[in-house]
$ cat input_24.cif   # mmCIF, C-alpha atoms
data_work
#
loop_
_atom_site.label_atom_id
_atom_site.label_comp_id
_atom_site.auth_asym_id
_atom_site.auth_seq_id
_atom_site.Cartn_x
_atom_site.Cartn_y
_atom_site.Cartn_z
CA MET A 782 -3.30 7.83 16.52
CA CYS A 783 -5.40 10.23 14.50
CA ILE A 784 -7.17 8.97 11.37
CA ARG A 785 -4.99 11.25 9.22
CA ASP A 786 -1.78 9.80 10.72
CA ARG A 787 -2.60 6.25 9.71
CA PRO A 788 -1.25 4.84 6.46
CA TYR A 789 -3.67 4.11 3.63
CA THR A 790 -2.32 0.86 2.26
CA LYS A 791 -4.22 -2.36 1.62
CA GLU A 792 -1.99 -4.17 4.15
CA TYR A 793 -2.76 -1.67 6.90
CA ILE A 794 -6.48 -1.78 6.11
CA GLU A 795 -6.47 -5.59 6.35
CA ASN A 796 -4.55 -5.52 9.66
CA TYR A 797 -6.93 -2.87 11.05
CA ARG A 798 -9.92 -4.95 9.91
CA ARG A 799 -8.58 -8.02 11.78
CA ARG A 800 -7.92 -6.00 14.96
CA ILE A 801 -11.37 -4.39 14.98
CA LYS A 802 -13.30 -7.53 13.99
CA ASP A 803 -14.53 -8.45 17.48
CA GLU A 804 -14.64 -4.91 18.86
CA GLN A 805 -17.76 -3.94 20.80
CA ASP A 806 -16.85 -0.34 21.52
CA ALA A 807 -19.09 1.90 19.40
CA GLU A 808 -16.60 4.75 19.30
CA ALA A 809 -13.79 2.49 18.05
CA LEU A 810 -16.06 1.05 15.37
CA MET A 811 -17.10 4.54 14.28
CA VAL A 812 -13.46 5.63 14.01
CA TYR A 813 -12.78 2.53 11.90
CA ALA A 814 -15.73 3.30 9.61
CA LEU A 815 -14.55 6.90 9.15
CA TYR A 816 -11.05 5.60 8.43
CA LEU A 817 -12.46 3.34 5.70
CA ILE A 818 -14.22 6.33 4.11
CA GLU A 819 -10.98 8.29 4.10
CA ALA A 820 -9.04 5.25 2.86
CA ALA A 821 -11.46 4.91 -0.06
CA LYS A 822 -10.37 8.38 -1.16
CA ARG A 823 -6.63 7.89 -0.62
CA THR A 824 -5.74 4.24 -1.19
CA LEU A 825 -3.80 3.73 -4.38
CA ASP A 826 -2.14 0.51 -5.43
CA PRO A 827 0.01 0.88 -8.55
CA HIS A 828 -0.60 -2.78 -9.41
CA ASP A 829 -4.39 -2.36 -9.63
CA SER A 830 -6.19 -1.49 -12.82
CA GLU A 831 -8.62 1.42 -12.79
CA LYS A 832 -11.55 -1.00 -12.57
CA GLN A 833 -9.98 -2.92 -9.65
CA ALA A 834 -9.24 0.34 -7.82
CA ARG A 835 -12.85 1.52 -8.27
CA LYS A 836 -14.20 -1.82 -7.00
CA TYR A 837 -11.91 -1.68 -3.98
CA ARG A 838 -13.02 1.90 -3.16
CA GLU A 839 -16.67 0.88 -3.50
CA ALA A 840 -16.08 -2.13 -1.22
CA LEU A 841 -14.49 0.11 1.44
CA LEU A 842 -17.38 2.57 1.28
CA SER A 843 -19.92 -0.24 1.41
CA GLU A 844 -18.24 -1.73 4.48
CA SER A 845 -18.13 1.64 6.24
CA VAL A 846 -21.80 2.39 5.51
CA LYS A 847 -22.76 -1.06 6.80
CA ILE A 848 -20.90 -0.42 10.07
CA ILE A 849 -22.38 3.06 10.50
CA LYS A 850 -25.92 1.80 9.81
CA LYS A 851 -25.46 -0.98 12.35
CA LEU A 852 -24.20 1.48 14.97
CA ALA A 853 -27.04 3.89 14.20
CA THR A 854 -29.78 1.28 14.49
CA SER A 855 -28.71 -1.38 16.95
CA GLY A 856 -25.52 -0.25 18.64
CA ALA A 857 -22.14 -1.97 18.79
CA ALA A 858 -23.31 -5.07 20.66
CA PRO A 859 -26.55 -6.67 21.84
CA GLY A 860 -28.03 -4.74 24.71
CA LYS A 861 -26.17 -1.53 23.88
CA PRO A 862 -28.11 1.52 22.64
CA PRO A 863 -27.63 2.93 19.16
CA TYR A 864 -24.63 5.24 18.88
CA ALA A 865 -25.72 8.89 18.65
CA ASP A 866 -22.67 10.00 16.62
CA ALA A 867 -23.41 7.30 14.04
CA GLN A 868 -27.05 8.42 13.89
CA PHE A 869 -25.93 12.01 13.35
CA TYR A 870 -23.40 11.06 10.67
CA LEU A 871 -25.88 8.85 8.84
CA ALA A 872 -28.56 11.54 9.03
CA ASN A 873 -26.10 14.01 7.55
CA CYS A 874 -25.36 11.55 4.72
CA TYR A 875 -29.07 11.15 3.97
CA GLY A 876 -29.61 14.90 4.14
CA ASN A 877 -26.75 15.73 1.76
CA GLY A 878 -26.59 12.61 -0.40
CA LYS A 879 -23.09 11.66 0.75
CA LEU A 880 -21.52 8.21 0.36
CA GLY A 881 -23.70 7.45 -2.63
CA MET A 882 -26.93 7.66 -0.66
CA SER A 883 -29.95 9.25 -2.23
CA ILE A 884 -31.24 12.35 -0.46
CA ASP A 885 -34.02 11.40 1.95
CA HIS A 886 -35.00 14.17 4.34
CA ALA A 887 -37.54 12.01 6.17
CA LYS A 888 -34.88 9.41 7.10
CA SER A 889 -32.50 12.21 7.95
CA TYR A 890 -35.03 13.85 10.27
CA HIS A 891 -35.85 10.54 11.97
CA LEU A 892 -32.17 9.88 12.69
CA TYR A 893 -31.63 13.42 13.99
CA VAL A 894 -34.56 12.94 16.37
CA GLN A 895 -33.18 9.60 17.57
CA ALA A 896 -29.76 11.13 18.23
CA SER A 897 -31.43 14.09 19.95
CA LYS A 898 -33.16 11.68 22.33
CA GLN A 899 -29.65 10.67 23.42
CA ASN A 900 -28.77 14.35 24.01
CA HIS A 901 -26.56 14.83 20.95
CA PRO A 902 -26.24 18.65 20.74
CA ALA A 903 -25.67 19.03 16.98
CA ALA A 904 -28.44 16.54 16.14
CA THR A 905 -30.81 18.44 18.41
CA TYR A 906 -29.99 21.66 16.57
CA ARG A 907 -30.54 19.99 13.19
CA THR A 908 -33.86 18.61 14.42
CA ALA A 909 -34.88 22.17 15.31
CA VAL A 910 -33.88 23.42 11.87
CA CYS A 911 -35.84 20.60 10.20
CA ASN A 912 -38.92 21.55 12.20
CA GLU A 913 -38.45 25.23 11.42
CA VAL A 914 -38.13 24.79 7.64
CA GLY A 915 -40.17 21.61 7.20
CA ALA A 916 -37.38 19.32 5.97
CA GLY A 917 -38.42 15.69 6.44
CA THR A 918 -41.38 16.68 8.59
CA LYS A 919 -44.20 19.21 8.66
CA ARG A 920 -43.19 22.77 9.41
CA ASN A 921 -43.71 23.35 13.14
CA SER A 922 -42.01 26.43 14.53
CA LYS A 923 -43.15 25.80 18.11
CA LEU A 924 -41.53 22.36 18.12
CA GLY A 925 -38.51 23.94 16.46
CA VAL A 926 -38.19 26.41 19.33
CA LEU A 927 -38.39 23.55 21.85
CA PHE A 928 -35.52 21.79 20.07
CA TYR A 929 -33.55 25.06 19.89
CA ARG A 930 -33.99 25.37 23.66
CA LYS A 931 -32.78 21.81 24.17
CA ALA A 932 -29.81 22.35 21.82
CA ALA A 933 -28.89 25.54 23.70
CA SER A 934 -29.13 23.74 27.05
CA LEU A 935 -26.84 21.00 25.67
CA GLY A 936 -24.27 23.67 24.80
CA ASP A 937 -24.72 23.87 21.03
CA THR A 938 -23.46 27.33 20.01
CA ALA A 939 -25.64 27.61 16.90
CA GLY A 940 -28.67 26.58 18.99
CA MET A 941 -27.88 29.25 21.57
CA TYR A 942 -27.55 31.91 18.89
CA LYS A 943 -30.74 30.92 17.07
CA LEU A 944 -32.74 30.77 20.30
CA GLY A 945 -31.33 34.15 21.34
CA MET A 946 -32.42 35.67 18.01
CA ILE A 947 -35.89 34.13 18.34
CA LEU A 948 -36.26 35.53 21.84
CA LEU A 949 -34.74 38.91 21.00
CA TYR A 950 -36.88 39.62 17.96
CA GLY A 951 -40.05 37.99 19.22
CA LEU A 952 -40.23 35.39 16.51
CA CYS A 953 -42.83 32.74 17.20
CA LEU A 954 -44.46 35.17 19.66
CA LEU A 955 -41.86 34.39 22.32
CA TYR A 956 -40.39 37.81 23.07
CA THR A 957 -38.28 37.88 26.23
CA SER A 958 -35.41 40.35 26.01
CA ASP A 959 -33.88 39.27 29.34
CA ALA A 960 -33.59 35.66 28.18
CA ALA A 961 -32.19 36.86 24.84
CA ASP A 962 -29.59 38.99 26.61
CA ASP A 963 -28.53 36.01 28.71
CA LEU A 964 -28.00 33.89 25.60
CA LEU A 965 -26.39 36.49 23.33
CA CYS A 966 -24.23 38.47 25.76
CA VAL A 967 -21.75 35.92 26.93
#
$ encode --input "input_24.cif" --output "structure tokens"
Amino acid sequence: MCIRDRPYTKEYIENYRRRIKDEQDAEALMVYALYLIEAAKRTLDPHDSEKQARKYREALLSESVKIIKKLATSGAAPGKPPYADAQFYLANCYGNGKLGMSIDHAKSYHLYVQASKQNHPAATYRTAVCNEVGAGTKRNSKLGVLFYRKAASLGDTAGMYKLGMILLYGLCLLYTSDAADDLLCV
């Protein structure tokens, strides 16, 4: 069942919470955390006052952030690696200030790098962009190109395009038109 197909009632949220309580699958926990974020936007109880509704939404968001942070740092269970999708999502939240988090490009960059180490294509691309523009780290175009190469090899479309443009126009003194043609002419 897709997140959008699930009801957003307090009863369903409580039942889902009980079912997921002892779950050790990182993907299932991430889906639950994303559901809580969506539920915080959609759950309305006509019996709640405005203050009660706001507190309930804040509690749902707090619970989801706690789950995502746990998945991003220590994984779903002891001995399991951190979950790359959670690292990417959390990095995106730090980079954009979502879920009430203050913008912190250094934390965002660190999480993108950690997810990139686990071969997460989009995180690898974002790591390259951070290196290229100096967001959360010192500007380093050579390291950026290395991450663009890795992102392209992982199948990230934006990484392929950016690397193709770098190679085609000789940016960073890496002109190779044959390699650019291979990347851009699919």
$ resolve_selection --input "input_24.cif" --expression "the PyMOL selection byres ((chain A and resi 937) around 12)" --output "PDB file with C-alpha atoms, keeping the file's coordinate frame"
ATOM      1  CA  SER A 897     -31.430  14.090  19.950  1.00  0.00           C
ATOM      2  CA  ASN A 900     -28.770  14.350  24.010  1.00  0.00           C
ATOM      3  CA  HIS A 901     -26.560  14.830  20.950  1.00  0.00           C
ATOM      4  CA  PRO A 902     -26.240  18.650  20.740  1.00  0.00           C
ATOM      5  CA  ALA A 903     -25.670  19.030  16.980  1.00  0.00           C
ATOM      6  CA  ALA A 904     -28.440  16.540  16.140  1.00  0.00           C
ATOM      7  CA  THR A 905     -30.810  18.440  18.410  1.00  0.00           C
ATOM      8  CA  TYR A 906     -29.990  21.660  16.570  1.00  0.00           C
ATOM      9  CA  ARG A 907     -30.540  19.990  13.190  1.00  0.00           C
ATOM     10  CA  ALA A 909     -34.880  22.170  15.310  1.00  0.00           C
ATOM     11  CA  PHE A 928     -35.520  21.790  20.070  1.00  0.00           C
ATOM     12  CA  TYR A 929     -33.550  25.060  19.890  1.00  0.00           C
ATOM     13  CA  ARG A 930     -33.990  25.370  23.660  1.00  0.00           C
ATOM     14  CA  LYS A 931     -32.780  21.810  24.170  1.00  0.00           C
ATOM     15  CA  ALA A 932     -29.810  22.350  21.820  1.00  0.00           C
ATOM     16  CA  ALA A 933     -28.890  25.540  23.700  1.00  0.00           C
ATOM     17  CA  SER A 934     -29.130  23.740  27.050  1.00  0.00           C
ATOM     18  CA  LEU A 935     -26.840  21.000  25.670  1.00  0.00           C
ATOM     19  CA  GLY A 936     -24.270  23.670  24.800  1.00  0.00           C
ATOM     20  CA  THR A 938     -23.460  27.330  20.010  1.00  0.00           C
ATOM     21  CA  ALA A 939     -25.640  27.610  16.900  1.00  0.00           C
ATOM     22  CA  GLY A 940     -28.670  26.580  18.990  1.00  0.00           C
ATOM     23  CA  MET A 941     -27.880  29.250  21.570  1.00  0.00           C
ATOM     24  CA  TYR A 942     -27.550  31.910  18.890  1.00  0.00           C
ATOM     25  CA  LYS A 943     -30.740  30.920  17.070  1.00  0.00           C
ATOM     26  CA  LEU A 944     -32.740  30.770  20.300  1.00  0.00           C
ATOM     27  CA  LEU A 964     -28.000  33.890  25.600  1.00  0.00           C
TER      28      LEU A 964
END
$ residues_around --input "input_24.cif" --residues "A:Gln805" --least-positions-apart "5" --cutoff "9 Å" --atoms "all atoms listed in the file" --output "number ranges by chain"
A: 810, 856-858
$ closest_residue --input "input_24.cif" --among "A:Glu831, A:Asp806, A:Glu844, A:Asp826" --to "A:Pro863" --atoms "only C-alpha atoms"
A:Asp806
$ atom_distance --input "input_24.cif" --atom1 "atom CA of A:Leu825" --atom2 "atom CA of A:Asn796"
16.8 Å
$ closest_residue --input "input_24.cif" --among "A:Ser889, A:Thr824, A:Ser855, A:Ser830" --to "A:Tyr870" --atoms "all atoms listed in the file"
A:Ser889
$ closest_residue --input "input_24.cif" --among "A:Leu841, A:Val846, A:Ile801, A:Ala814" --to "A:Cys874" --atoms "all atoms listed in the file"
A:Val846
$ axis_aligned_box --input "input_24.cif" --around "stretch 843-851 of chain A" --padding-each-side "3 Å" --output "lines of an AutoDock Vina configuration file"
center_x = -22.0
center_y = 0.7
center_z = 6.9
size_x = 13.8
size_y = 10.8
size_z = 16.9
$ residues_near_point --input "input_24.cif" --point "(-36.2, 7.9, 5.9)" --cutoff "12 Å" --atoms "only C-alpha atoms" --output "list in words"
Leu871, Ala872, Asn873, Cys874, Tyr875, Gly876, Met882, Ser883, Ile884, Asp885, His886, Ala887, Lys888, Ser889, Tyr890, His891, Leu892, Tyr893, Val894, Ala916, Gly917 and Thr918 of chain A
$ resolve_selection --input "input_24.cif" --expression "the PyMOL selection byres ((chain A and resi 807) around 10)" --output "ChimeraX atom specification"
/A:804-806,808-813,848-849,851-853,856-858,861-867
$ resolve_selection --input "input_24.cif" --expression "the PyMOL selection byres ((chain A and resi 842) around 9)" --output "MDAnalysis selection string"
chainID A and resid 814 817:818 820:821 837:841 843:847 880:881
$ write_last_selection --input "input_24.cif" --atoms "C-alpha atoms" --output "mmCIF file, keeping the file's coordinate frame"
data_model
loop_
_atom_site.group_PDB
_atom_site.id
_atom_site.type_symbol
_atom_site.label_atom_id
_atom_site.label_comp_id
_atom_site.auth_asym_id
_atom_site.auth_seq_id
_atom_site.Cartn_x
_atom_site.Cartn_y
_atom_site.Cartn_z
ATOM 1 C CA ALA A 814 -15.730 3.300 9.610
ATOM 2 C CA LEU A 817 -12.460 3.340 5.700
ATOM 3 C CA ILE A 818 -14.220 6.330 4.110
ATOM 4 C CA ALA A 820 -9.040 5.250 2.860
ATOM 5 C CA ALA A 821 -11.460 4.910 -0.060
ATOM 6 C CA TYR A 837 -11.910 -1.680 -3.980
ATOM 7 C CA ARG A 838 -13.020 1.900 -3.160
ATOM 8 C CA GLU A 839 -16.670 0.880 -3.500
ATOM 9 C CA ALA A 840 -16.080 -2.130 -1.220
ATOM 10 C CA LEU A 841 -14.490 0.110 1.440
ATOM 11 C CA SER A 843 -19.920 -0.240 1.410
ATOM 12 C CA GLU A 844 -18.240 -1.730 4.480
ATOM 13 C CA SER A 845 -18.130 1.640 6.240
ATOM 14 C CA VAL A 846 -21.800 2.390 5.510
ATOM 15 C CA LYS A 847 -22.760 -1.060 6.800
ATOM 16 C CA LEU A 880 -21.520 8.210 0.360
ATOM 17 C CA GLY A 881 -23.700 7.450 -2.630
#
$ atom_distance --input "input_24.cif" --atom1 "atom CA of A:Met946" --atom2 "atom CA of A:Val926"
11.0 Å
$ closest_residue --input "input_24.cif" --among "A:Gly951, A:Arg920, A:Lys791, A:Tyr797" --to "A:Ala834" --atoms "all atoms listed in the file"
A:Lys791
$ closest_residue --input "input_24.cif" --among "A:Lys898, A:Gln833, A:Leu927, A:Arg787" --to "A:Asn912" --atoms "only C-alpha atoms"
A:Leu927
